[in-house]
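K.L.:
This is target.cif (mmCIF, C-alpha atoms).
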data_work
loop_
_atom_site.group_PDB
_atom_site.id
_atom_site.type_symbol
_atom_site.label_atom_id
_atom_site.label_comp_id
_atom_site.auth_asym_id
_atom_site.auth_seq_id
_atom_site.Cartn_x
_atom_site.Cartn_y
_atom_site.Cartn_z
ATOM 1 C CA MET A 529 4.646 14.219 23.324
ATOM 2 C CA ALA A 530 7.542 11.734 23.047
ATOM 3 C CA THR A 531 9.109 11.238 19.633
ATOM 4 C CA VAL A 532 11.591 8.704 18.290
ATOM 5 C CA GLU A 533 13.175 9.287 14.894
ATOM 6 C CA LEU A 534 14.820 6.581 12.843
ATOM 7 C CA ARG A 535 16.644 7.047 9.539
ATOM 8 C CA PHE A 536 18.086 4.170 7.568
ATOM 9 C CA SER A 537 19.668 3.651 4.170
ATOM 10 C CA ALA A 538 17.266 2.318 1.567
ATOM 11 C CA GLN A 539 18.303 -1.314 1.919
ATOM 12 C CA PRO A 540 15.737 -4.107 2.393
ATOM 13 C CA GLU A 541 17.692 -5.614 5.290
ATOM 14 C CA HIS A 542 17.010 -2.496 7.413
ATOM 15 C CA VAL A 543 13.222 -2.879 7.212
ATOM 16 C CA ARG A 544 13.279 -5.592 9.891
ATOM 17 C CA THR A 545 15.071 -3.246 12.285
ATOM 18 C CA ALA A 546 12.453 -0.536 11.681
ATOM 19 C CA ARG A 547 9.693 -3.051 12.405
ATOM 20 C CA LEU A 548 11.298 -4.118 15.687
ATOM 21 C CA VAL A 549 11.882 -0.526 16.819
ATOM 22 C CA ALA A 550 8.288 0.436 15.936
ATOM 23 C CA ALA A 551 6.842 -2.474 17.914
ATOM 24 C CA ALA A 552 9.031 -1.722 20.945
ATOM 25 C CA VAL A 553 8.145 1.984 20.957
ATOM 26 C CA ALA A 554 4.438 1.216 20.395
ATOM 27 C CA ARG A 555 4.459 -1.187 23.334
ATOM 28 C CA ARG A 556 6.140 1.398 25.560
ATOM 29 C CA ALA A 557 3.654 4.059 24.400
ATOM 30 C CA GLY A 558 0.723 1.937 25.550
ATOM 31 C CA VAL A 559 -0.623 0.456 22.330
ATOM 32 C CA ASP A 560 -2.707 -2.658 23.042
ATOM 33 C CA GLU A 561 -0.686 -5.897 22.817
ATOM 34 C CA ALA A 562 -3.272 -7.351 20.409
ATOM 35 C CA VAL A 563 -2.484 -4.584 17.892
ATOM 36 C CA LEU A 564 1.321 -4.860 17.943
ATOM 37 C CA ASP A 565 1.397 -7.396 15.098
ATOM 38 C CA GLU A 566 -0.564 -4.948 12.954
ATOM 39 C CA VAL A 567 1.910 -2.197 13.841
ATOM 40 C CA ARG A 568 4.824 -4.447 12.859
ATOM 41 C CA LEU A 569 3.245 -5.493 9.558
ATOM 42 C CA ALA A 570 2.100 -1.987 8.595
ATOM 43 C CA VAL A 571 5.513 -0.471 9.329
ATOM 44 C CA GLY A 572 7.178 -3.278 7.395
ATOM 45 C CA GLU A 573 4.949 -2.613 4.370
ATOM 46 C CA ALA A 574 5.436 1.166 4.536
ATOM 47 C CA CYS A 575 9.210 0.858 4.920
ATOM 48 C CA SER A 576 9.469 -1.750 2.147
ATOM 49 C CA ARG A 577 7.488 0.577 -0.115
ATOM 50 C CA ALA A 578 9.790 3.522 0.693
ATOM 51 C CA VAL A 579 12.910 1.391 0.135
ATOM 52 C CA GLY A 580 11.537 0.171 -3.197
ATOM 53 C CA LEU A 581 10.717 3.712 -4.315
ATOM 54 C CA HIS A 582 14.177 4.979 -3.354
ATOM 55 C CA ARG A 583 15.923 2.123 -5.126
ATOM 56 C CA SER A 584 13.809 2.331 -8.294
ATOM 57 C CA HIS A 585 14.388 6.086 -8.568
ATOM 58 C CA GLY A 586 18.115 5.974 -7.720
ATOM 59 C CA ILE A 587 17.716 8.033 -4.543
ATOM 60 C CA THR A 588 20.492 7.557 -2.007
ATOM 61 C CA ALA A 589 18.873 9.597 0.803
ATOM 62 C CA PRO A 590 17.762 7.613 3.847
ATOM 63 C CA VAL A 591 14.196 6.535 4.572
ATOM 64 C CA SER A 592 12.790 8.261 7.650
ATOM 65 C CA VAL A 593 10.507 6.841 10.317
ATOM 66 C CA VAL A 594 9.045 9.115 13.005
ATOM 67 C CA LEU A 595 7.256 7.465 15.935
ATOM 68 C CA THR A 596 5.200 9.844 18.067
ATOM 69 C CA GLU A 597 3.394 9.191 21.333
ATOM 70 C CA GLU A 598 0.510 11.590 21.813
ATOM 71 C CA GLU A 599 -1.985 11.848 24.646
ATOM 72 C CA LYS A 600 -4.510 9.352 23.278
ATOM 73 C CA SER A 601 -2.790 7.874 20.246
ATOM 74 C CA PHE A 602 0.465 6.588 18.833
ATOM 75 C CA SER A 603 1.462 7.525 15.291
ATOM 76 C CA ILE A 604 4.143 6.488 12.835
ATOM 77 C CA GLU A 605 5.189 8.420 9.750
ATOM 78 C CA VAL A 606 7.301 6.703 7.106
ATOM 79 C CA GLY A 607 8.803 9.161 4.660
ATOM 80 C CA ASP A 608 10.517 8.818 1.320
ATOM 81 C CA GLU A 609 12.173 11.432 -0.879
ATOM 82 C CA VAL A 610 10.607 10.413 -4.192
ATOM 83 C CA PRO A 611 8.776 13.374 -5.789
ATOM 84 C CA GLY A 612 5.071 12.752 -6.220
ATOM 85 C CA PRO A 613 3.141 12.663 -9.498
ATOM 86 C CA GLY A 614 3.283 15.974 -11.335
ATOM 87 C CA ALA A 615 6.334 17.177 -9.404
ATOM 88 C CA GLU A 616 9.543 18.087 -11.170
ATOM 89 C CA PRO A 617 11.707 14.942 -11.310
ATOM 90 C CA ALA A 618 14.990 15.169 -9.448
ATOM 91 C CA PRO A 619 18.098 15.117 -11.627
ATOM 92 C CA ALA A 620 19.520 11.656 -12.118
ATOM 93 C CA GLY A 621 22.250 10.822 -9.648
ATOM 94 C CA PRO A 622 25.328 8.674 -10.118
ATOM 95 C CA ALA A 623 23.200 5.556 -9.720
ATOM 96 C CA ALA A 624 21.365 6.287 -12.976
ATOM 97 C CA THR A 625 22.417 4.194 -15.945
ATOM 98 C CA ARG A 626 23.822 6.219 -18.839
ATOM 99 C CA GLY A 627 21.751 5.884 -22.008
ATOM 100 C CA ALA A 628 18.910 4.044 -20.277
ATOM 101 C CA THR A 629 15.325 4.756 -21.209
ATOM 102 C CA PRO A 630 13.418 6.142 -18.194
ATOM 103 C CA GLY A 631 10.917 3.627 -16.822
ATOM 104 C CA VAL A 632 12.361 0.677 -18.740
ATOM 105 C CA GLY A 633 14.248 -1.909 -16.737
ATOM 106 C CA VAL A 634 17.427 -3.698 -17.761
ATOM 107 C CA ASP A 635 15.385 -6.668 -19.001
ATOM 108 C CA GLY A 636 13.230 -4.392 -21.208
ATOM 109 C CA THR A 637 10.168 -4.467 -18.930
ATOM 110 C CA ASP A 638 8.315 -1.353 -17.838
ATOM 111 C CA SER A 639 9.791 -0.930 -14.354
ATOM 112 C CA GLU A 640 7.547 2.051 -13.514
ATOM 113 C CA ALA A 641 4.416 -0.001 -14.205
ATOM 114 C CA ASP A 642 5.756 -2.842 -12.024
ATOM 115 C CA ALA A 643 6.613 -0.376 -9.252
ATOM 116 C CA ASP A 644 3.150 1.199 -9.457
ATOM 117 C CA GLY A 645 1.522 -2.230 -9.067
ATOM 118 C CA GLU A 646 3.664 -3.068 -6.039
ATOM 119 C CA ASP A 647 3.038 0.411 -4.627
ATOM 120 C CA GLU A 648 -0.745 -0.007 -4.877
ATOM 121 C CA MET A 649 -0.577 -3.487 -3.330
ATOM 122 C CA GLY A 650 1.504 -2.210 -0.407
ATOM 123 C CA LEU A 651 -0.923 0.665 0.209
ATOM 124 C CA ALA A 652 -3.861 -1.764 0.098
ATOM 125 C CA VAL A 653 -2.206 -3.983 2.712
ATOM 126 C CA ILE A 654 -1.494 -0.983 4.948
ATOM 127 C CA SER A 655 -5.106 0.240 4.592
ATOM 128 C CA GLY A 656 -6.317 -3.207 5.612
ATOM 129 C CA LEU A 657 -4.121 -3.206 8.725
ATOM 130 C CA VAL A 658 -4.573 0.375 9.939
ATOM 131 C CA ASP A 659 -7.887 2.152 10.462
ATOM 132 C CA ASP A 660 -6.341 5.635 10.543
ATOM 133 C CA VAL A 661 -3.939 6.005 7.604
ATOM 134 C CA GLU A 662 -3.047 9.036 5.494
ATOM 135 C CA VAL A 663 -0.861 9.062 2.375
ATOM 136 C CA ARG A 664 0.646 12.367 1.227
ATOM 137 C CA SER A 665 2.906 13.018 -1.725
ATOM 138 C CA GLY A 666 4.598 16.199 -2.880
ATOM 139 C CA ALA A 667 7.642 17.631 -4.581
ATOM 140 C CA ASN A 668 9.868 16.722 -1.607
ATOM 141 C CA GLY A 669 8.651 13.144 -1.289
ATOM 142 C CA GLY A 670 5.867 11.170 0.272
ATOM 143 C CA VAL A 671 4.719 10.262 3.766
ATOM 144 C CA ILE A 672 2.510 7.481 5.042
ATOM 145 C CA ARG A 673 1.055 8.431 8.437
ATOM 146 C CA MET A 674 -0.530 5.674 10.494
ATOM 147 C CA SER A 675 -1.981 5.955 13.991
ATOM 148 C CA TRP A 676 -3.414 3.672 16.625
ATOM 149 C CA PRO A 677 -5.278 4.432 19.851
ATOM 150 C CA LYS A 678 -3.457 3.947 23.130
ATOM 151 C CA THR A 679 -4.884 1.673 25.777
ATOM 152 C CA PRO A 680 -6.238 3.817 28.614
ATOM 153 C CA VAL A 681 -4.309 3.394 31.835
ATOM 154 C CA THR A 682 -6.505 2.196 34.673
ATOM 155 C CA VAL A 683 -5.684 3.784 38.008
ATOM 156 C CA LEU A 684 -6.473 1.519 40.933
ATOM 157 C CA PRO A 685 -7.614 3.061 44.246
#
Give the structure from this file in structure tokens form.
P.N.:
Amino acid sequence: MATVELRFSAQPEHVRTARLVAAAVARRAGVDEAVLDEVRLAVGEACSRAVGLHRSHGITAPVSVVLTEEEKSFSIEVGDEVPGPGAEPAPAGPAATRGATPGVGVDGTDSEADADGEDEMGLAVISGLVDDVEVRSGANGGVIRMSWPKTPVTVLP
């Protein structure tokens, strides 16, 4: 089982790099060429979602991407460090604004409601692109696990 791990700071400009790495590793792992665009798009959505969650919650930890080649499949896990619903919220870091009302943006809008809408849209896009997708969330953050079948290697006589 070959594994590639990628960690990047939660900046939107790094999502493109994650997409390119995922497509290259998927190709090398034997994922069908016709599916590589789906891999790129799904990883882009998952990474954009993780970056957005980190930024909206003031988390400075990096986003993690784990690409794993298994015997018959190729999987990608995109992880964030945002505690899931019902988990104890992490203490506000230096990025938090003093005196700000939680969930209310600078312009007075409900930033948590906006983030939830974007989050649901991103998950819907990923579900439309990937047949085998799993979303987990806990006190230590969330993970989106996506997998694709590998193209069987034909051995010629």
K.L.:
Within 12 Å of (7.8, -0.7, 18.9), all atoms listed in the file: residues as a PyMOL selection string?
P.N.:
chain A and resi 532+534+544-561+563-572+593-597+602-604
K.L.:
When you count all atoms listed in the file, which of these residues is closest to Glu609 in chain A: A:Ser576, A:Ser665, A:Gln539, A:Ser655?
P.N.:
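Between A:Ser576, A:Ser665, A:Gln539, A:Ser655, the residue approaching Glu609 in chain A most closely is A:Ser665.
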K.L.:
Which neighbours of Ile654 in chain A fall inside 7 Å, counting only C-alpha atoms, when residues of the same chain fewer than 4 positions from it are skipped, and could you give them as a list in words?
P.N.:
Ala570, Glu573, Gly650 and Val658 of chain A
K.L.:
What does the distance from CA of Ala562 in chain A to CA of Val653 in chain A come to in Å, to one decimal?
P.N.:
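Between these atoms lies a distance of 18.0 Å.
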K.L.:
Apply the PyMOL selection byres ((chain A and resi 610) around 8) to the structure shown and report the selected residues as a PyMOL selection string.
P.N.:
chain A and resi 581-582+585+587+608-609+611-612+667-670
K.L.:
Save the residues we just selected, C-alpha atoms, as a PDB file, in the frame of the given file?
P.N.:
ATOM      1  CA  LEU A 581      10.717   3.712  -4.315  1.00  0.00           C
ATOM      2  CA  HIS A 582      14.177   4.979  -3.354  1.00  0.00           C
ATOM      3  CA  HIS A 585      14.388   6.086  -8.568  1.00  0.00           C
ATOM      4  CA  ILE A 587      17.716   8.033  -4.543  1.00  0.00           C
ATOM      5  CA  ASP A 608      10.517   8.818   1.320  1.00  0.00           C
ATOM      6  CA  GLU A 609      12.173  11.432  -0.879  1.00  0.00           C
ATOM      7  CA  PRO A 611       8.776  13.374  -5.789  1.00  0.00           C
ATOM      8  CA  GLY A 612       5.071  12.752  -6.220  1.00  0.00           C
ATOM      9  CA  ALA A 667       7.642  17.631  -4.581  1.00  0.00           C
ATOM     10  CA  ASN A 668       9.868  16.722  -1.607  1.00  0.00           C
ATOM     11  CA  GLY A 669       8.651  13.144  -1.289  1.00  0.00           C
ATOM     12  CA  GLY A 670       5.867  11.170   0.272  1.00  0.00           C
TER      13      GLY A 670
END
K.L.:
So the first atom is CA of Met674 in chain A and the second is CA of Leu651 in chain A; what is the distance between them in Å, to one decimal place?
P.N.:
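CA of Leu651 in chain A lies at a distance of 11.4 Å from CA of Met674 in chain A.
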K.L.:
What is the CA of Thr588 in chain A-CA of Ser537 in chain A distance in Å, reported with one decimal?
P.N.:
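Pair CA of Thr588 in chain A / CA of Ser537 in chain A returns 7.4 Å.
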K.L.:
With all atoms listed in the file as the counted atoms, please give the residues lying no more than 8 Å from Ala578 in chain A, apart from itself and same-chain residues fewer than 4 positions off, as number ranges by chain.
P.N.:
A: 538, 574, 582, 591, 606-608
K.L.:
Here is a test: counting only C-alpha atoms, which residue of A:Val579, A:Val661, A:Ala530, A:Met649 is nearest to Val543 in chain A?
P.N.:
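Smallest separation from Val543 in chain A among the options: A:Val579.
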K.L.:
Nearest residue to Val663 in chain A out of A:Glu648, A:Lys678, A:Glu599, A:Glu541, using all atoms listed in the file?
P.N.:
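Between A:Glu648, A:Lys678, A:Glu599, A:Glu541, the residue approaching Val663 in chain A most closely is A:Glu648.
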K.L.:
Padding 4 Å on every side, please: axis-aligned box over the listed atoms of range 666-676 of chain A, centre and edge lengths to one decimal in Å, as AutoDock Vina command-line options.
P.N.:
--center_x 3.2 --center_y 10.7 --center_z 6.0 --size_x 21.3 --size_y 22.0 --size_z 29.2
K.L.:
Would you please work out which residue, of A:Cys575, A:Lys600, A:Glu662, A:Ser675, is nearest to Asp647 in chain A when using all atoms listed in the file?
P.N.:
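When distances to Asp647 in chain A are compared using all atoms listed in the file, the smallest one comes from A:Cys575.
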K.L.:
Determine the nearest neighbour of Arg577 in chain A from the options A:Gly666, A:Pro613, A:Pro590, A:Pro540, counting all atoms listed in the file.
P.N.:
A:Pro540
K.L.:
Which of these residues is nearest to Val671 in chain A, using all atoms listed in the file: A:Ala652, A:Ser592, A:Glu598, A:Gly586?
P.N.:
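With all atoms listed in the file as the atom set, the closest residue is A:Ser592.
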